[in-house]
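*Asks:* Next up is a structure, given as structure tokens.
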Amino acid sequence: MPELIRVGMADYKVGKSPATLISYGLGSCIGVSLYDPQLKVGGLLHIMLPDSTQARASDNPAKFADTGLPLMLADVLKLGAVKTRLVAKLAGGAQMFAFQNATDVMRVGSRNAEAVKKILQANGIKIIAEDTGGTYGRTVSIDLTNGSYKVKTIDKGEKEI
């Protein structure tokens, strides 16, 4: 039976086939996966916020897109992945609460998605699938045998992206 590796909030894990990485309860958070389809290794990161520079220095680096994504990328490369072969998929980034007169600061979900996309682009990693936005939570998983990225929701069922 393949290993199921749980990724907590503000956490990431890396692994290789036949493992599956799963993260529960993404609201405004983003679940971003990196996958090398030839070597069948990858990682899943559950980020909460886009930018570590607006936080205390002692905060967990996996909590932020700008610090967590480079850490996960380095660990995926240590497993033998080749950066030019890596592909990314992401989900989450919902607007979980409605605010009247919402400022940009309150749009955490969309800011998270934008930050992840910028970092992936800066690293030359292609985003091949995305399920972001909306007003609902998600649970995501990546099967490292084939790169299948599943997104489960309460109201909208399950889909593969």
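Letters A, B, ... mark the chains of the structure tokens in the order given; residue numbers begin at 1 per chain; ligand numbers begin at 1, in order shown.
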Need to verify the contact set: range 10-13 of chain A, 12 Å, only C-alpha atoms, exclusion of same-chain residues closer than 5 positions in sequence. Can you return it as a VMD selection string?

*Replies:* chain A and resid 4 to 5 19 to 26 29 to 34 41 to 50 59 to 65 67 to 76 79 141 to 142 144

*Asks:* Using DSSP on the backbone coordinates, identify all residues within chain A classified as alpha helix (DSSP H); present the result as a list in words.

*Replies:*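 Those in chain A that DSSP calls alpha helix (DSSP H) are Ala65, Asp66, Thr67, Gly68, Leu69, Pro70, Leu71, Met72, Leu73, Ala74, Asp75, Val76, Leu77, Lys78, Val108, Gly109, Ser110, Arg111, Asn112, Ala113, Glu114, Ala115, Val116, Lys117, Lys118, Ile119, Leu120, Gln121 and Ala122 of chain A.
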
*Asks:* Give me a file of those residues, with C-alpha atoms, as an mmCIF file, in the first residue's frame.

*Replies:*
```cif
data_model
loop_
_atom_site.group_PDB
_atom_site.id
_atom_site.type_symbol
_atom_site.label_atom_id
_atom_site.label_comp_id
_atom_site.auth_asym_id
_atom_site.auth_seq_id
_atom_site.Cartn_x
_atom_site.Cartn_y
_atom_site.Cartn_z
ATOM 1 C CA ALA A 65 5.384 31.669 -0.149
ATOM 2 C CA ASP A 66 8.662 33.600 -0.402
ATOM 3 C CA THR A 67 10.521 31.387 2.091
ATOM 4 C CA GLY A 68 8.661 28.055 1.948
ATOM 5 C CA LEU A 69 8.766 27.546 -1.803
ATOM 6 C CA PRO A 70 12.582 27.888 -2.075
ATOM 7 C CA LEU A 71 12.982 25.426 0.837
ATOM 8 C CA MET A 72 10.718 22.830 -0.769
ATOM 9 C CA LEU A 73 12.367 23.336 -4.164
ATOM 10 C CA ALA A 74 15.799 22.700 -2.635
ATOM 11 C CA ASP A 75 14.574 19.496 -0.955
ATOM 12 C CA VAL A 76 12.934 18.210 -4.166
ATOM 13 C CA LEU A 77 16.211 18.836 -6.010
ATOM 14 C CA LYS A 78 18.076 16.926 -3.253
ATOM 15 C CA VAL A 108 -5.057 37.006 1.450
ATOM 16 C CA GLY A 109 -6.093 34.183 -0.909
ATOM 17 C CA SER A 110 -5.482 36.074 -4.126
ATOM 18 C CA ARG A 111 -2.264 37.597 -2.737
ATOM 19 C CA ASN A 112 -1.054 34.079 -1.875
ATOM 20 C CA ALA A 113 -1.783 32.851 -5.402
ATOM 21 C CA GLU A 114 -0.011 35.844 -6.976
ATOM 22 C CA ALA A 115 3.062 35.366 -4.762
ATOM 23 C CA VAL A 116 3.359 31.646 -5.591
ATOM 24 C CA LYS A 117 3.033 32.330 -9.326
ATOM 25 C CA LYS A 118 5.756 35.010 -9.226
ATOM 26 C CA ILE A 119 8.178 32.740 -7.368
ATOM 27 C CA LEU A 120 7.553 29.801 -9.709
ATOM 28 C CA GLN A 121 8.017 32.052 -12.750
ATOM 29 C CA ALA A 122 11.243 33.484 -11.320
#
```

*Asks:* State, in Å with one decimal place, the distance from CA of Arg6 in chain A to CA of Lys89 in chain A.

*Replies:*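 Calculated distance between CA of Arg6 in chain A and CA of Lys89 in chain A is 17.5 Å.
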
*Asks:* Name all residues at most 7 Å from Ser28 in chain A (count only C-alpha atoms; drop same-chain ones fewer than 5 positions away) and give them as a VMD selection string.

*Replies:* chain A and resid 92 to 96 108 to 109

*Asks:* Generate a file of the selected residues that holds N, CA and C atoms, formatted as a PDB file, in the first residue's frame.

*Replies:*
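File again.pdb, as written:
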```
ATOM      1  N   GLY A  92      -6.308  26.405  -3.962  1.00  0.00           N
ATOM      2  CA  GLY A  92      -6.592  27.155  -2.734  1.00  0.00           C
ATOM      3  C   GLY A  92      -6.768  28.622  -3.062  1.00  0.00           C
ATOM      4  N   GLY A  93      -6.362  29.462  -2.124  1.00  0.00           N
ATOM      5  CA  GLY A  93      -6.441  30.906  -2.351  1.00  0.00           C
ATOM      6  C   GLY A  93      -7.853  31.453  -2.367  1.00  0.00           C
ATOM      7  N   ALA A  94      -8.738  30.836  -1.585  1.00  0.00           N
ATOM      8  CA  ALA A  94     -10.132  31.283  -1.542  1.00  0.00           C
ATOM      9  C   ALA A  94     -10.274  32.567  -0.735  1.00  0.00           C
ATOM     10  N   GLN A  95     -11.338  33.275  -1.005  1.00  0.00           N
ATOM     11  CA  GLN A  95     -11.742  34.428  -0.183  1.00  0.00           C
ATOM     12  C   GLN A  95     -12.815  33.878   0.755  1.00  0.00           C
ATOM     13  N   MET A  96     -12.410  33.465   1.940  1.00  0.00           N
ATOM     14  CA  MET A  96     -13.295  32.732   2.842  1.00  0.00           C
ATOM     15  C   MET A  96     -14.313  33.621   3.550  1.00  0.00           C
ATOM     16  N   VAL A 108      -6.196  37.888   1.205  1.00  0.00           N
ATOM     17  CA  VAL A 108      -5.057  37.006   1.450  1.00  0.00           C
ATOM     18  C   VAL A 108      -4.976  35.902   0.397  1.00  0.00           C
ATOM     19  N   GLY A 109      -6.099  35.283   0.050  1.00  0.00           N
ATOM     20  CA  GLY A 109      -6.093  34.183  -0.909  1.00  0.00           C
ATOM     21  C   GLY A 109      -5.514  34.570  -2.254  1.00  0.00           C
TER      22      GLY A 109
END
```

*Asks:* Between CA of Ile128 in chain A and CA of Pro37 in chain A, what is the distance in Å, rounded to a tenth?

*Replies:*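 Answer for the CA of Ile128 in chain A to CA of Pro37 in chain A separation: 12.3 Å.
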
*Asks:* CA of Leu90 in chain A and CA of Ile154 in chain A, how far apart in Å?

*Replies:*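 Distance reported for this atom pair: 18.1 Å.
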
*Asks:* Based on DSSP run over this structure's backbone, return all residues of range 73-125 of chain A in strand (DSSP E), as a PyMOL selection string.

*Replies:* chain A and resi 87-92

*Asks:* Which residue gives the smallest distance to Asn146 in chain A among A:Asp36, A:Glu3, A:Asp131, A:Glu158, with only C-alpha atoms counted?

*Replies:*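 Looking at the shortest contact to Asn146 in chain A, the residue is A:Asp36.
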
*Asks:* Which residue gives the smallest distance to Val7 in chain A among A:Lys156, A:Thr84, A:Ile161, A:Thr139, with only C-alpha atoms counted?

*Replies:*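 Between A:Lys156, A:Thr84, A:Ile161, A:Thr139, the residue approaching Val7 in chain A most closely is A:Thr139.
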